[in-house]
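What follows is the content of model21.txt, which has compact mmCIF, C-alpha atoms and all ligand atoms:
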# COMPACT_ATOMS: atom_id res chain seq x y z
CA MET A 1 4.52 -2.64 15.68
CA GLU A 2 3.79 -0.33 12.80
CA ARG A 3 0.76 0.08 10.52
CA THR A 4 0.87 1.18 6.89
CA LEU A 5 -1.70 1.98 4.22
CA VAL A 6 -1.53 -0.01 0.99
CA LEU A 7 -3.65 0.58 -2.09
CA VAL A 8 -4.10 -1.73 -5.05
CA LYS A 9 -4.56 0.99 -7.66
CA PRO A 10 -7.12 0.81 -10.50
CA ASP A 11 -4.61 -0.90 -12.83
CA GLY A 12 -4.01 -3.67 -10.28
CA VAL A 13 -7.75 -4.24 -9.92
CA GLN A 14 -8.36 -4.20 -13.69
CA ARG A 15 -5.49 -6.61 -14.27
CA ALA A 16 -6.84 -9.09 -11.70
CA LEU A 17 -3.83 -8.70 -9.44
CA ILE A 18 -5.67 -8.07 -6.15
CA GLY A 19 -5.16 -11.61 -4.90
CA GLU A 20 -1.54 -11.73 -6.03
CA ILE A 21 -0.70 -8.49 -4.25
CA VAL A 22 -2.59 -9.34 -1.07
CA SER A 23 -1.05 -12.79 -0.89
CA ARG A 24 2.49 -11.40 -1.01
CA PHE A 25 1.94 -9.33 2.14
CA GLU A 26 -0.01 -12.13 3.78
CA ARG A 27 2.67 -14.74 3.12
CA ARG A 28 5.44 -12.42 4.22
CA GLY A 29 3.97 -12.38 7.72
CA LEU A 30 2.41 -8.94 7.76
CA ARG A 31 -1.00 -8.90 9.43
CA LEU A 32 -4.10 -7.51 7.76
CA VAL A 33 -6.04 -5.14 10.01
CA GLY A 34 -8.38 -3.44 7.53
CA MET A 35 -9.53 -3.82 3.94
CA LYS A 36 -12.11 -2.29 1.63
CA PHE A 37 -13.04 -2.26 -2.05
CA MET A 38 -13.93 1.31 -2.98
CA GLN A 39 -13.70 4.09 -5.50
CA MET A 40 -11.88 7.28 -4.50
CA THR A 41 -13.53 10.63 -5.02
CA GLU A 42 -11.64 13.46 -6.66
CA ASP A 43 -11.47 15.38 -3.37
CA HIS A 44 -10.08 12.37 -1.53
CA ALA A 45 -7.52 11.78 -4.28
CA LYS A 46 -6.36 15.40 -4.21
CA GLU A 47 -5.95 15.21 -0.45
CA HIS A 48 -4.20 11.83 -0.60
CA TYR A 49 -1.67 13.06 -3.17
CA GLY A 50 -1.47 16.59 -1.70
CA GLU A 51 2.35 16.48 -1.52
CA HIS A 52 2.39 16.34 -5.35
CA LYS A 53 -0.11 19.14 -5.98
CA ASP A 54 2.42 21.39 -7.73
CA LYS A 55 3.92 18.66 -9.91
CA PRO A 56 3.11 18.52 -13.62
CA PHE A 57 1.70 15.01 -13.33
CA PHE A 58 -0.75 15.86 -10.50
CA GLY A 59 -3.83 16.02 -12.76
CA GLU A 60 -3.00 12.66 -14.35
CA LEU A 61 -2.36 11.12 -10.97
CA VAL A 62 -5.73 12.22 -9.59
CA SER A 63 -7.61 11.17 -12.69
CA PHE A 64 -5.88 7.78 -12.75
CA ILE A 65 -6.46 6.90 -9.08
CA THR A 66 -10.15 7.83 -9.41
CA SER A 67 -10.58 6.04 -12.75
CA GLY A 68 -11.85 2.77 -11.27
CA PRO A 69 -12.19 0.82 -8.06
CA ILE A 70 -9.25 0.26 -5.76
CA VAL A 71 -8.54 -1.90 -2.73
CA ALA A 72 -7.44 -0.05 0.40
CA MET A 73 -5.75 -2.04 3.14
CA VAL A 74 -3.92 -1.55 6.38
CA TRP A 75 -1.11 -3.98 7.12
CA GLU A 76 0.63 -4.30 10.46
CA GLY A 77 4.00 -5.62 11.51
CA THR A 78 7.43 -4.65 12.75
CA GLU A 79 8.78 -1.98 10.39
CA ALA A 80 5.72 -2.54 8.18
CA ILE A 81 6.20 0.75 6.31
CA LYS A 82 9.68 -0.08 5.09
CA ARG A 83 8.93 -3.75 4.45
CA VAL A 84 5.94 -2.89 2.26
CA ARG A 85 7.90 -0.24 0.33
CA ARG A 86 10.68 -2.74 -0.35
CA MET A 87 8.18 -5.34 -1.52
CA MET A 88 6.57 -2.76 -3.84
CA GLY A 89 9.81 -1.77 -5.56
CA GLU A 90 10.76 1.68 -6.86
CA THR A 91 8.32 4.33 -8.10
CA LYS A 92 9.51 3.59 -11.65
CA PRO A 93 8.79 -0.03 -12.52
CA MET A 94 11.84 0.09 -14.83
CA ASP A 95 14.08 0.60 -11.78
CA SER A 96 12.31 -2.06 -9.72
CA LEU A 97 13.97 -5.41 -9.15
CA PRO A 98 12.28 -8.63 -10.17
CA GLY A 99 10.69 -10.08 -7.04
CA THR A 100 9.04 -6.78 -6.21
CA ILE A 101 5.44 -6.08 -7.18
CA ARG A 102 6.33 -3.26 -9.57
CA GLY A 103 9.37 -5.17 -10.86
CA ASP A 104 7.28 -8.26 -11.60
CA TYR A 105 4.12 -6.66 -12.99
CA GLY A 106 4.77 -3.01 -13.81
CA MET A 107 5.88 -1.25 -16.98
CA ASP A 108 5.26 2.50 -16.56
CA MET A 109 5.34 4.93 -13.63
CA GLY A 110 1.72 5.92 -14.21
CA ARG A 111 0.69 2.25 -13.97
CA ASN A 112 2.71 1.10 -11.00
CA LEU A 113 -0.07 -0.93 -9.39
CA VAL A 114 0.36 -0.17 -5.71
CA HIS A 115 0.65 2.59 -3.17
CA GLY A 116 2.35 2.24 0.21
CA SER A 117 2.82 4.92 2.87
CA ASP A 118 6.36 6.28 2.83
CA LYS A 119 6.89 7.26 6.48
CA PRO A 120 5.16 7.01 9.87
CA GLU A 121 3.53 10.46 9.61
CA SER A 122 2.10 9.68 6.16
CA ALA A 123 0.94 6.26 7.33
CA ALA A 124 -0.97 7.75 10.27
CA ARG A 125 -2.56 10.43 8.09
CA GLU A 126 -3.41 8.05 5.23
CA ILE A 127 -4.87 5.35 7.48
CA ARG A 128 -7.12 7.96 9.11
CA SER A 129 -8.25 9.24 5.74
CA PHE A 130 -9.29 5.77 4.48
CA PHE A 131 -10.54 3.98 7.59
CA ALA A 132 -12.68 4.72 10.64
CA ASP A 133 -11.23 3.36 13.89
CA GLU A 134 -13.89 0.64 14.09
CA GLU A 135 -12.90 -0.63 10.63
CA LEU A 136 -9.44 -1.57 11.89
CA ILE A 137 -9.35 -4.91 13.66
CA THR A 138 -6.87 -5.76 16.36
CA TRP A 139 -6.59 -9.52 16.45
CA SER A 140 -4.11 -12.19 17.47
CA ARG A 141 -2.68 -14.73 15.11
CA ASP A 142 -2.04 -18.28 16.24
CA THR A 143 1.03 -18.59 14.02
CA GLU A 144 2.77 -15.59 15.56
CA LYS A 145 5.50 -17.65 17.24
CA TRP A 146 6.38 -19.21 13.87
CA ILE A 147 6.69 -15.80 12.24
CA HIS A 148 8.44 -13.78 14.93
CA ASP A 149 11.51 -14.71 16.94
CA PRO A 150 11.07 -13.24 20.40
CA PHE A 151 14.86 -12.91 20.73
CA SER A 152 15.46 -11.01 17.50
CA LEU A 153 15.54 -7.23 17.40
P1 LIG A 201 5.47 6.29 -4.72
O1 LIG A 201 4.13 5.82 -5.25
O2 LIG A 201 6.56 5.32 -5.05
O3 LIG A 201 5.43 6.67 -3.26
P2 LIG A 201 5.51 9.15 -5.27
O4 LIG A 201 4.85 9.35 -3.96
O5 LIG A 201 6.75 9.93 -5.54
O6 LIG A 201 5.85 7.62 -5.54
O7 LIG A 201 4.49 9.50 -6.44
C1 LIG A 201 3.14 9.09 -6.35
C2 LIG A 201 2.73 8.51 -7.68
O8 LIG A 201 2.78 9.53 -8.67
C3 LIG A 201 3.65 7.41 -8.21
O9 LIG A 201 3.30 6.14 -7.72
C4 LIG A 201 3.49 7.53 -9.68
C5 LIG A 201 3.24 9.00 -9.90
N1 LIG A 201 4.45 9.73 -10.29
C6 LIG A 201 5.49 10.03 -9.47
N2 LIG A 201 6.44 10.72 -10.13
C7 LIG A 201 5.97 10.86 -11.41
C8 LIG A 201 6.49 11.48 -12.59
N3 LIG A 201 7.65 12.09 -12.60
N4 LIG A 201 5.73 11.38 -13.71
C9 LIG A 201 4.52 10.75 -13.70
N5 LIG A 201 3.99 10.17 -12.62
C10 LIG A 201 4.70 10.21 -11.50
MG MG A 202 4.45 8.23 -2.29
Show me this structure written as C-alpha cells.
Ligand code: DAT
Ligand code: MG
Amino acid sequence: MERTLVLVKPDGVQRALIGEIVSRFERRGLRLVGMKFMQMTEDHAKEHYGEHKDKPFFGELVSFITSGPIVAMVWEGTEAIKRVRRMMGETKPMDSLPGTIRGDYGMDMGRNLVHGSDKPESAAREIRSFFADEELITWSRDTEKWIHDPFSL
C-alpha cells in the first residue's frame, strides 16, 4: 500500500472541478485517507515547490498556488503514486491524453488543475507537510474484495 498527496489547485476549485476530480480517484478504487479545504501560505508554497526554487517560473508558481483555496487530499492504494500521476496526465495539458484530468480539462501548464506526488520520498514529505498524523484515517472498506484480486500482483 502506498499513500500520495493530491491537490486540487486554485484553478480546479474556481472552475468547480473538485467533485469531478475527487470522484475519478474514488471510482478508480483508491481510498481517501485525508482531505481538507485550505489556503496555502507563501512559506508553505515555497517549501512545497522547493525543488523548483531556481526555475524562472518559481515566482508565478508560488503566487498561483496561494491565489485561492485548494483541496489537499491523501489517497491510498497499491502503487497509488504512479496511478494518480497517470490519471493526472502530463505536466503540460497539451501533451496529456484525453481521459486524464489535465487532458480533459486543462489548457496551459500554469493552469493544470492538480498536483500529485511524483515519488515515494516526495509523497512522504508532502503528506507530512499538509496533514497531522491524526488527520489521516486508517479505515476498512467493505467493497475491498470487489476492487482487489487477492491473487494478482
Ligand atoms: P508536475 O505538476 O507535473 O509534477 P513539476 O513538478 O515539474 O510538474 O512542476 C510543478 C508545476 O510547475 C507544474 O504543475 C506547472 C509548473 N511548471 C512546471 N514547468 C513549468 C514551466 N516550464 N513553465 C511554467 N510553469 C511550469
Ligand atoms: Mg511535481
**Request:** Name all residues at most 9 Å from Glu42 of chain A (count all atoms listed in the file; drop same-chain ones fewer than 6 positions away) and give them as a list in words.
**Result:**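 Within the cut-off, the hits are Val62, Ser63, Ile65 and Thr66 of chain A.
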The selected residues should be written to file as a PDB file, keeping the file's coordinate frame (atoms: C-alpha atoms).
ATOM      1  CA  VAL A  62      -5.730  12.220  -9.590  1.00  0.00           C
ATOM      2  CA  SER A  63      -7.610  11.170 -12.690  1.00  0.00           C
ATOM      3  CA  ILE A  65      -6.460   6.900  -9.080  1.00  0.00           C
ATOM      4  CA  THR A  66     -10.150   7.830  -9.410  1.00  0.00           C
TER       5      THR A  66
END
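For the choices A:Gly12, A:Pro69, A:Gly34, A:Gly29, the atom-to-atom distance to Gly106 of chain A is smallest for A:Gly12 when using only C-alpha atoms.
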**Message:** Can you work out which residues are within 9 Å of ligand LIG 201 (chain A), considering only C-alpha atoms and all ligand atoms, and then hand them over as a ChimeraX atom specification?
**Reply:** /A:49,51-52,55-58,60-62,85,88-92,108-118
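Our summary of the geometry notes that atom CA of Arg15 of chain A is positioned 23.0 Å from atom CA of His48 of chain A.
Atom CA of Leu97 of chain A lies 27.7 Å from atom CA of Val33 of chain A.
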**Prompt:** Which of these, A:Ser129, A:Val13, A:Ile137, A:Leu5, has the shortest distance to ligand MG 202 (chain A) once you count only C-alpha atoms and all ligand atoms?
**Reply:**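 Comparing A:Ser129, A:Val13, A:Ile137, A:Leu5 against ligand MG 202 (chain A), the winner is A:Leu5.
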**Request:** May I have the protein, DNA and RNA residues with an atom at most 10 Å from (2.6, 1.7, 5.5), counting all atoms listed in the file in the file's coordinates, returned as a ChimeraX atom specification?
**Result:** /A:2-7,73-77,79-85,115-124,126-127
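The space separating atom CA of Val8 of chain A from atom CA of Ser140 of chain A comes to 24.8 Å.
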**Message:** Considering only C-alpha atoms, can you say which of A:Thr78, A:Met87, A:Phe37, A:Lys9 comes closest to Ser23 of chain A?
**Reply:** A:Met87
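Proximity to ligand MG 202 (chain A) was assessed for A:Gly50, A:Pro98, A:Pro10, A:Gly103 counting all atoms listed in the file; the smallest distance is recorded for A:Gly50.
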**Asked** Using all atoms listed in the file, which residue out of A:Ile70, A:Met35, A:Glu20, A:Met107 lies closest to Glu135 of chain A?
**Response**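 Under the stated criterion, the closest residue is A:Met35.
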May I have the residues within 12 Å of Glu144 of chain A as a CSV table (one decimal) with C-alpha atoms, in the frame of the given file, using only C-alpha atoms and disregarding those fewer than 5 positions away in the same chain?
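To be explicit, this is the file written out as around-v2.csv:
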chain,number,residue,atom,x,y,z
A,29,GLY,CA,4.0,-12.4,7.7
A,30,LEU,CA,2.4,-8.9,7.8
A,31,ARG,CA,-1.0,-8.9,9.4
A,77,GLY,CA,4.0,-5.6,11.5
A,139,TRP,CA,-6.6,-9.5,16.4
A,149,ASP,CA,11.5,-14.7,16.9
A,150,PRO,CA,11.1,-13.2,20.4
**Request:** Go through A:Ile21, A:Ala16, A:Ala72, A:Ala45 and flag the residue nearest Ile101 of chain A, using only C-alpha atoms for the distances.
**Result:** A:Ile21
Could segment 56-80 of chain A be completed with N, CA, C and O atoms and written as an mmCIF file, in the coordinates of the input, please?
data_model
loop_
_atom_site.group_PDB
_atom_site.id
_atom_site.type_symbol
_atom_site.label_atom_id
_atom_site.label_comp_id
_atom_site.auth_asym_id
_atom_site.auth_seq_id
_atom_site.Cartn_x
_atom_site.Cartn_y
_atom_site.Cartn_z
ATOM 1 N N PRO A 56 3.808 18.537 -12.319
ATOM 2 C CA PRO A 56 3.110 18.520 -13.620
ATOM 3 C C PRO A 56 2.204 17.312 -13.825
ATOM 4 O O PRO A 56 1.252 17.381 -14.595
ATOM 5 N N PHE A 57 2.494 16.230 -13.121
ATOM 6 C CA PHE A 57 1.700 15.010 -13.330
ATOM 7 C C PHE A 57 0.523 14.893 -12.362
ATOM 8 O O PHE A 57 -0.181 13.879 -12.354
ATOM 9 N N PHE A 58 0.288 15.944 -11.539
ATOM 10 C CA PHE A 58 -0.750 15.860 -10.500
ATOM 11 C C PHE A 58 -2.143 15.542 -11.077
ATOM 12 O O PHE A 58 -2.860 14.667 -10.566
ATOM 13 N N GLY A 59 -2.520 16.231 -12.150
ATOM 14 C CA GLY A 59 -3.830 16.020 -12.760
ATOM 15 C C GLY A 59 -4.021 14.576 -13.216
ATOM 16 O O GLY A 59 -5.044 13.935 -12.952
ATOM 17 N N GLU A 60 -2.990 14.045 -13.880
ATOM 18 C CA GLU A 60 -3.000 12.660 -14.350
ATOM 19 C C GLU A 60 -3.136 11.673 -13.190
ATOM 20 O O GLU A 60 -3.856 10.676 -13.273
ATOM 21 N N LEU A 61 -2.385 11.986 -12.143
ATOM 22 C CA LEU A 61 -2.360 11.120 -10.970
ATOM 23 C C LEU A 61 -3.754 11.025 -10.347
ATOM 24 O O LEU A 61 -4.248 9.924 -10.054
ATOM 25 N N VAL A 62 -4.399 12.176 -10.181
ATOM 26 C CA VAL A 62 -5.730 12.220 -9.590
ATOM 27 C C VAL A 62 -6.732 11.529 -10.511
ATOM 28 O O VAL A 62 -7.563 10.734 -10.071
ATOM 29 N N SER A 63 -6.622 11.790 -11.816
ATOM 30 C CA SER A 63 -7.610 11.170 -12.690
ATOM 31 C C SER A 63 -7.375 9.661 -12.789
ATOM 32 O O SER A 63 -8.323 8.877 -12.837
ATOM 33 N N PHE A 64 -6.144 9.230 -12.706
ATOM 34 C CA PHE A 64 -5.880 7.780 -12.750
ATOM 35 C C PHE A 64 -6.391 7.062 -11.498
ATOM 36 O O PHE A 64 -7.079 6.045 -11.597
ATOM 37 N N ILE A 65 -6.096 7.611 -10.324
ATOM 38 C CA ILE A 65 -6.460 6.900 -9.080
ATOM 39 C C ILE A 65 -7.967 6.875 -8.863
ATOM 40 O O ILE A 65 -8.494 6.020 -8.148
ATOM 41 N N THR A 66 -8.687 7.816 -9.523
ATOM 42 C CA THR A 66 -10.150 7.830 -9.410
ATOM 43 C C THR A 66 -10.825 7.146 -10.610
ATOM 44 O O THR A 66 -12.047 7.159 -10.726
ATOM 45 N N SER A 67 -10.032 6.549 -11.491
ATOM 46 C CA SER A 67 -10.580 6.040 -12.750
ATOM 47 C C SER A 67 -11.301 4.697 -12.618
ATOM 48 O O SER A 67 -11.929 4.237 -13.571
ATOM 49 N N GLY A 68 -11.196 4.063 -11.471
ATOM 50 C CA GLY A 68 -11.850 2.770 -11.270
ATOM 51 C C GLY A 68 -11.696 2.370 -9.825
ATOM 52 O O GLY A 68 -11.039 3.070 -9.046
ATOM 53 N N PRO A 69 -12.277 1.245 -9.458
ATOM 54 C CA PRO A 69 -12.190 0.820 -8.060
ATOM 55 C C PRO A 69 -10.762 0.460 -7.636
ATOM 56 O O PRO A 69 -9.924 0.088 -8.476
ATOM 57 N N ILE A 70 -10.540 0.601 -6.362
ATOM 58 C CA ILE A 70 -9.250 0.260 -5.760
ATOM 59 C C ILE A 70 -9.518 -0.629 -4.533
ATOM 60 O O ILE A 70 -10.648 -0.739 -4.087
ATOM 61 N N VAL A 71 -8.450 -1.218 -4.017
ATOM 62 C CA VAL A 71 -8.540 -1.900 -2.730
ATOM 63 C C VAL A 71 -7.645 -1.161 -1.760
ATOM 64 O O VAL A 71 -6.469 -0.943 -2.051
ATOM 65 N N ALA A 72 -8.217 -0.729 -0.647
ATOM 66 C CA ALA A 72 -7.440 -0.050 0.400
ATOM 67 C C ALA A 72 -7.268 -1.031 1.551
ATOM 68 O O ALA A 72 -8.214 -1.736 1.928
ATOM 69 N N MET A 73 -6.042 -1.094 2.062
ATOM 70 C CA MET A 73 -5.750 -2.040 3.140
ATOM 71 C C MET A 73 -4.829 -1.397 4.150
ATOM 72 O O MET A 73 -4.042 -0.514 3.826
ATOM 73 N N VAL A 74 -4.907 -1.899 5.366
ATOM 74 C CA VAL A 74 -3.920 -1.550 6.380
ATOM 75 C C VAL A 74 -3.235 -2.839 6.792
ATOM 76 O O VAL A 74 -3.896 -3.834 7.117
ATOM 77 N N TRP A 75 -1.908 -2.819 6.709
ATOM 78 C CA TRP A 75 -1.110 -3.980 7.120
ATOM 79 C C TRP A 75 -0.258 -3.587 8.315
ATOM 80 O O TRP A 75 0.254 -2.463 8.384
ATOM 81 N N GLU A 76 -0.082 -4.548 9.205
ATOM 82 C CA GLU A 76 0.630 -4.300 10.460
ATOM 83 C C GLU A 76 1.803 -5.248 10.611
ATOM 84 O O GLU A 76 1.730 -6.403 10.182
ATOM 85 N N GLY A 77 2.847 -4.762 11.226
ATOM 86 C CA GLY A 77 4.000 -5.620 11.510
ATOM 87 C C GLY A 77 5.172 -4.764 11.961
ATOM 88 O O GLY A 77 5.108 -3.529 11.893
ATOM 89 N N THR A 78 6.241 -5.414 12.383
ATOM 90 C CA THR A 78 7.430 -4.650 12.750
ATOM 91 C C THR A 78 7.991 -4.019 11.481
ATOM 92 O O THR A 78 8.122 -4.692 10.457
ATOM 93 N N GLU A 79 8.267 -2.731 11.544
ATOM 94 C CA GLU A 79 8.780 -1.980 10.390
ATOM 95 C C GLU A 79 7.942 -2.207 9.124
ATOM 96 O O GLU A 79 8.476 -2.333 8.022
ATOM 97 N N ALA A 80 6.636 -2.251 9.297
ATOM 98 C CA ALA A 80 5.720 -2.540 8.180
ATOM 99 C C ALA A 80 5.875 -1.536 7.033
ATOM 100 O O ALA A 80 5.770 -1.907 5.861
#
